[in-house]
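**Q** Contents of upload.txt (compact mmCIF, C-alpha atoms and all ligand atoms) are below:
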```txt
# COMPACT_ATOMS: atom_id res chain seq x y z
CA MET C 1 -21.56 16.16 45.89
CA LYS C 2 -23.10 12.74 45.86
CA GLN C 3 -22.35 12.57 49.55
CA MET C 4 -24.23 15.81 50.11
CA LEU C 5 -27.29 14.48 48.35
CA THR C 6 -27.20 11.35 50.42
CA ALA C 7 -27.02 13.36 53.59
CA VAL C 8 -29.99 15.44 52.50
CA CYS C 9 -31.94 12.33 51.67
CA LEU C 10 -31.15 10.76 55.01
CA ALA C 11 -32.09 13.98 56.76
CA ALA C 12 -35.37 13.91 54.90
CA MET C 13 -35.84 10.32 56.02
CA VAL C 14 -35.35 11.24 59.60
CA GLY C 15 -37.88 14.00 59.10
CA GLY C 16 -40.30 11.43 57.74
CA LEU C 17 -40.39 12.97 54.28
CA ALA C 18 -38.99 9.99 52.43
CA MET C 19 -42.36 8.91 51.14
CA VAL C 20 -42.93 12.29 49.56
CA GLY C 21 -39.62 12.85 47.84
CA GLY C 22 -37.79 10.71 45.38
CA CYS C 23 -34.80 10.03 47.58
CA GLY C 24 -33.00 7.11 46.08
CA GLY C 25 -36.20 6.07 44.37
CA GLY C 26 -34.77 6.53 40.92
CA ASP C 27 -32.07 4.02 41.69
CA GLU C 28 -34.46 1.23 42.54
CA GLY C 29 -34.79 -0.28 39.09
CA SER C 30 -31.09 -0.64 38.54
CA SER C 31 -30.23 -1.75 42.04
CA THR C 32 -27.81 -4.59 41.79
CA PRO C 33 -26.00 -6.04 44.79
CA THR C 34 -22.79 -4.24 45.68
CA SER C 35 -20.84 -6.16 43.09
CA THR C 36 -19.26 -3.28 41.24
CA SER C 37 -16.74 -1.13 43.00
CA SER C 38 -16.66 1.58 40.37
CA ALA C 39 -17.09 5.21 41.34
CA LYS C 40 -20.73 5.16 40.31
CA LYS C 41 -22.73 3.08 42.74
CA PRO C 42 -26.37 4.11 42.55
CA SER C 43 -27.47 1.12 44.60
CA VAL C 44 -25.58 2.32 47.65
CA ASN C 45 -27.98 5.20 48.07
CA ALA C 46 -31.04 3.02 47.83
CA MET C 47 -29.50 0.57 50.27
CA ALA C 48 -28.73 3.30 52.77
CA VAL C 49 -32.28 4.62 52.61
CA LYS C 50 -33.67 1.16 53.23
CA GLY C 51 -31.06 0.67 55.92
CA ALA C 52 -32.39 3.69 57.77
CA LEU C 53 -35.78 2.00 57.99
CA VAL C 54 -34.30 -1.29 59.15
CA PHE C 55 -32.21 0.61 61.68
CA LYS C 56 -35.32 2.21 63.17
CA LYS C 57 -36.98 -1.16 63.57
CA THR C 58 -34.07 -3.19 64.86
CA CYS C 59 -31.34 -0.97 66.28
CA ALA C 60 -32.93 2.31 67.35
CA SER C 61 -34.32 0.91 70.60
CA CYS C 62 -30.77 0.78 71.96
CA HIS C 63 -28.79 3.09 69.69
CA GLY C 64 -31.39 5.88 69.48
CA ALA C 65 -33.70 6.84 66.62
CA ASP C 66 -30.98 9.08 65.19
CA GLY C 67 -28.25 6.50 65.87
CA LYS C 68 -26.49 8.81 68.27
CA GLY C 69 -26.69 6.36 71.12
CA MET C 70 -28.53 6.05 74.42
CA PRO C 71 -27.11 6.44 77.94
CA ASN C 72 -26.06 3.11 79.45
CA ASN C 73 -27.07 1.31 76.29
CA GLY C 74 -26.01 1.28 72.67
CA PRO C 75 -23.23 3.76 71.84
CA ASP C 76 -23.24 6.42 69.13
CA LEU C 77 -23.13 4.72 65.73
CA THR C 78 -22.98 7.91 63.68
CA ALA C 79 -19.36 8.63 64.58
CA SER C 80 -17.84 5.38 65.76
CA GLN C 81 -14.13 4.68 65.67
CA PHE C 82 -15.03 1.00 65.64
CA VAL C 83 -17.25 1.33 62.56
CA LYS C 84 -14.63 3.50 60.91
CA ASP C 85 -11.93 0.89 61.48
CA THR C 86 -14.04 -2.13 60.53
CA SER C 87 -14.81 -3.28 56.98
CA ASP C 88 -18.41 -3.81 55.90
CA GLU C 89 -17.83 -7.58 55.86
CA ASP C 90 -16.45 -7.58 59.38
CA LEU C 91 -19.29 -5.37 60.58
CA LEU C 92 -21.74 -7.91 59.20
CA THR C 93 -20.03 -10.59 61.26
CA TYR C 94 -19.97 -8.31 64.28
CA VAL C 95 -23.71 -7.68 64.13
CA GLN C 96 -24.41 -11.40 63.55
CA VAL C 97 -22.37 -12.40 66.58
CA GLY C 98 -22.79 -9.42 68.88
CA ARG C 99 -20.38 -8.63 71.68
CA GLU C 100 -20.28 -9.90 75.23
CA VAL C 101 -19.45 -7.19 77.74
CA PRO C 102 -18.48 -8.65 81.12
CA GLY C 103 -20.18 -6.56 83.77
CA GLY C 104 -21.71 -4.29 81.14
CA VAL C 105 -24.52 -4.12 78.61
CA PRO C 106 -23.87 -6.49 75.70
CA MET C 107 -24.55 -5.93 72.02
CA PRO C 108 -26.92 -8.87 71.40
CA PRO C 109 -26.44 -11.04 68.28
CA ARG C 110 -28.45 -9.38 65.46
CA GLY C 111 -29.67 -6.88 68.04
CA GLY C 112 -31.70 -9.72 69.55
CA PHE C 113 -33.58 -10.58 66.37
CA THR C 114 -33.71 -13.91 64.55
CA GLU C 115 -32.19 -14.42 61.13
CA GLU C 116 -35.72 -14.56 59.71
CA MET C 117 -36.59 -11.19 61.18
CA LEU C 118 -33.24 -9.63 60.34
CA PRO C 119 -31.59 -11.40 57.39
CA ASP C 120 -28.02 -10.61 56.36
CA GLU C 121 -29.20 -8.44 53.44
CA ASP C 122 -30.96 -6.18 55.90
CA ILE C 123 -27.86 -5.94 58.08
CA MET C 124 -25.89 -4.92 54.97
CA LYS C 125 -28.45 -2.17 54.35
CA VAL C 126 -28.00 -0.91 57.90
CA ILE C 127 -24.23 -0.95 57.39
CA ALA C 128 -24.63 1.09 54.18
CA TYR C 129 -26.74 3.53 56.18
CA LEU C 130 -24.17 3.81 58.98
CA ARG C 131 -21.29 4.11 56.51
CA ASN C 132 -22.88 7.24 55.07
CA PHE C 133 -22.26 9.24 58.22
CA PRO C 134 -19.06 11.22 57.65
CA GLY C 135 -17.86 10.16 61.11
CA ASN C 136 -17.83 6.51 59.99
CA GLN C 137 -15.76 6.92 56.86
CA PRO C 138 -12.20 5.66 56.87
C1 LIG H 201 -30.66 -4.54 73.00
C2 LIG H 201 -29.87 -3.36 72.70
C3 LIG H 201 -29.19 -3.29 71.34
C4 LIG H 201 -29.73 -3.45 70.09
C5 LIG H 201 -31.18 -3.79 69.73
C6 LIG H 201 -28.65 -3.23 69.15
N1 LIG H 201 -27.50 -2.93 69.81
FE1 LIG H 201 -25.69 -2.50 68.96
N2 LIG H 201 -24.87 -2.33 70.80
C7 LIG H 201 -25.56 -2.40 72.00
C8 LIG H 201 -24.63 -2.16 73.09
C9 LIG H 201 -24.99 -2.12 74.56
C10 LIG H 201 -23.36 -1.94 72.51
C11 LIG H 201 -22.03 -1.65 73.21
C12 LIG H 201 -21.33 -2.93 73.56
C13 LIG H 201 -20.03 -2.61 74.22
O1 LIG H 201 -20.03 -1.89 75.22
O2 LIG H 201 -19.00 -3.08 73.71
C14 LIG H 201 -23.56 -2.05 71.07
C15 LIG H 201 -22.53 -1.88 70.14
C16 LIG H 201 -22.71 -1.86 68.79
C17 LIG H 201 -21.66 -1.59 67.83
C18 LIG H 201 -20.21 -1.30 68.15
C19 LIG H 201 -20.06 0.18 68.39
C20 LIG H 201 -18.71 0.56 68.89
O3 LIG H 201 -18.35 1.75 68.71
O4 LIG H 201 -18.00 -0.28 69.49
C21 LIG H 201 -22.23 -1.65 66.60
C22 LIG H 201 -21.54 -1.45 65.25
C23 LIG H 201 -23.63 -1.96 66.79
N3 LIG H 201 -23.89 -2.08 68.12
C24 LIG H 201 -24.54 -2.10 65.76
C25 LIG H 201 -25.87 -2.44 65.95
C26 LIG H 201 -26.80 -2.61 64.87
C27 LIG H 201 -26.46 -2.45 63.40
C28 LIG H 201 -28.00 -2.94 65.43
C29 LIG H 201 -29.30 -3.26 64.72
C30 LIG H 201 -29.24 -4.40 63.82
C31 LIG H 201 -27.81 -2.98 66.87
N4 LIG H 201 -26.51 -2.65 67.14
C32 LIG H 201 -28.81 -3.29 67.78
C33 LIG H 201 -26.90 -2.67 72.16
C34 LIG H 201 -27.78 -2.95 71.14
```
Re-express the file's structure as structure tokens.
**A**
Amino acid sequence: MKQMLTAVCLAAMVGGLAMVGGCGGGDEGSSTPTSTSSAKKPSVNAMAVKGALVFKKTCASCHGADGKGMPNNGPDLTASQFVKDTSDEDLLTYVQVGREVPGGVPMPPRGGFTEEMLPDEDIMKVIAYLRNFPGNQP
């Protein structure tokens, strides 16, 4: 059920309605870093919503505004076996380092942004956003 709500919120985001609705807004006050691993994690929602915004600014140019990838550029990140198989921590490292692709299009470190422009916290938000897609859940 929680998952459903998140999907609706993200869909609203994509539709540009986030500012109108209260998607994740109620969680803001109590948002603590992902320290607790209990079933109730209100901060994850808020993180994912923020992550969608960061994604648009820093990843969408190659992976598409909807994250579904672009031809000859960034692959689909909404249903990625790689994301599915990789822990959040390892994904953080992956995005920090990027991936060389001999003879192909590389994934640039931090998508080509500096640490100042795209700090680790923001990458974690993007990862929370990506993790919400059912195709990325282990
Ligand atoms: C300049 C273009 C570009 C930008 C910006 C970019 N990427 Fe990528 N990304 C790529 C390319 C190209 C690949 C595929 C590399 C390969 O073929 O192995 C990739 C691969 C990935 C993968 C691995 C997917 C898989 O299934 O193997 C992840 C995860 C990823 N990017 C996340 C991100 C995130 C998060 C951001 C934003 C912070 C971002 N990328 C920004 C070009 C980009």
**Q** Select, from C:Gly74, C:Pro119, C:Pro138, C:Pro102, the residue with the minimum atom-to-atom distance to ligand LIG 201 (chain H), counting all atoms listed in the file.
**A**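 Answer, going by the shortest atom-to-atom distance: C:Gly74.
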**Q** Counting all atoms listed in the file, give me one row per residue of chain C with an atom at most 7 Å from an atom of ligand LIG 201 (chain H), showing the shortest contact pair and its distance in Å to one decimal, sorted by chain then residue number, as a tab-separated table.
**A**
```
residue	atom	partner	partner_atom	distance
C:Phe55	CA	H:LIG201	C29	5.7
C:Thr58	CA	H:LIG201	C29	4.8
C:Cys59	CA	H:LIG201	C29	3.4
C:Ala60	CA	H:LIG201	C5	6.8
C:Ser61	CA	H:LIG201	C5	5.7
C:Cys62	CA	H:LIG201	C2	4.3
C:His63	CA	H:LIG201	N1	6.2
C:Asn73	CA	H:LIG201	C9	4.4
C:Gly74	CA	H:LIG201	C8	3.7
C:Pro75	CA	H:LIG201	C11	5.7
C:Asp76	CA	H:LIG201	O3	6.8
C:Leu77	CA	H:LIG201	C19	6.1
C:Ser80	CA	H:LIG201	O3	4.7
C:Gln81	CA	H:LIG201	O3	6.0
C:Phe82	CA	H:LIG201	O3	4.6
C:Val83	CA	H:LIG201	C22	5.8
C:Leu91	CA	H:LIG201	C22	6.5
C:Val95	CA	H:LIG201	C24	5.9
C:Arg99	CA	H:LIG201	O2	6.1
C:Val101	CA	H:LIG201	O2	5.8
C:Gly104	CA	H:LIG201	O1	6.6
C:Val105	CA	H:LIG201	C9	4.5
C:Pro106	CA	H:LIG201	C9	4.7
C:Met107	CA	H:LIG201	C7	3.7
C:Pro108	CA	H:LIG201	C1	5.9
C:Arg110	CA	H:LIG201	C30	5.3
C:Gly111	CA	H:LIG201	C32	3.7
C:Gly112	CA	H:LIG201	C5	6.0
C:Ile123	CA	H:LIG201	C30	6.1
C:Val126	CA	H:LIG201	C27	5.9
C:Ile127	CA	H:LIG201	C27	6.6
```
**Q** Of the candidates C:Thr78, C:Thr114, C:Asn72, C:Gln96, which one gets nearest to C:Ala128 if we count only C-alpha atoms?
**A**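 Selected residue with least distance to C:Ala128: C:Thr78.
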**Q** Record the distance separating atom CA of C:Asp120 and atom CA of C:Met47, expressed in Å with one decimal.
**A**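 Between these atoms lies a distance of 12.8 Å.
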**Q** One decimal, in Å: what's the spacing between atom CA of C:Lys125 and atom CA of C:Gly51?
**A**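 Interatomic distance, atom CA of C:Lys125 to atom CA of C:Gly51: 4.2 Å.
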**Q** Interatomic distance between atom CA of C:Arg131 and atom CA of C:Gly103?
**A**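 Between these atoms lies a distance of 29.3 Å.
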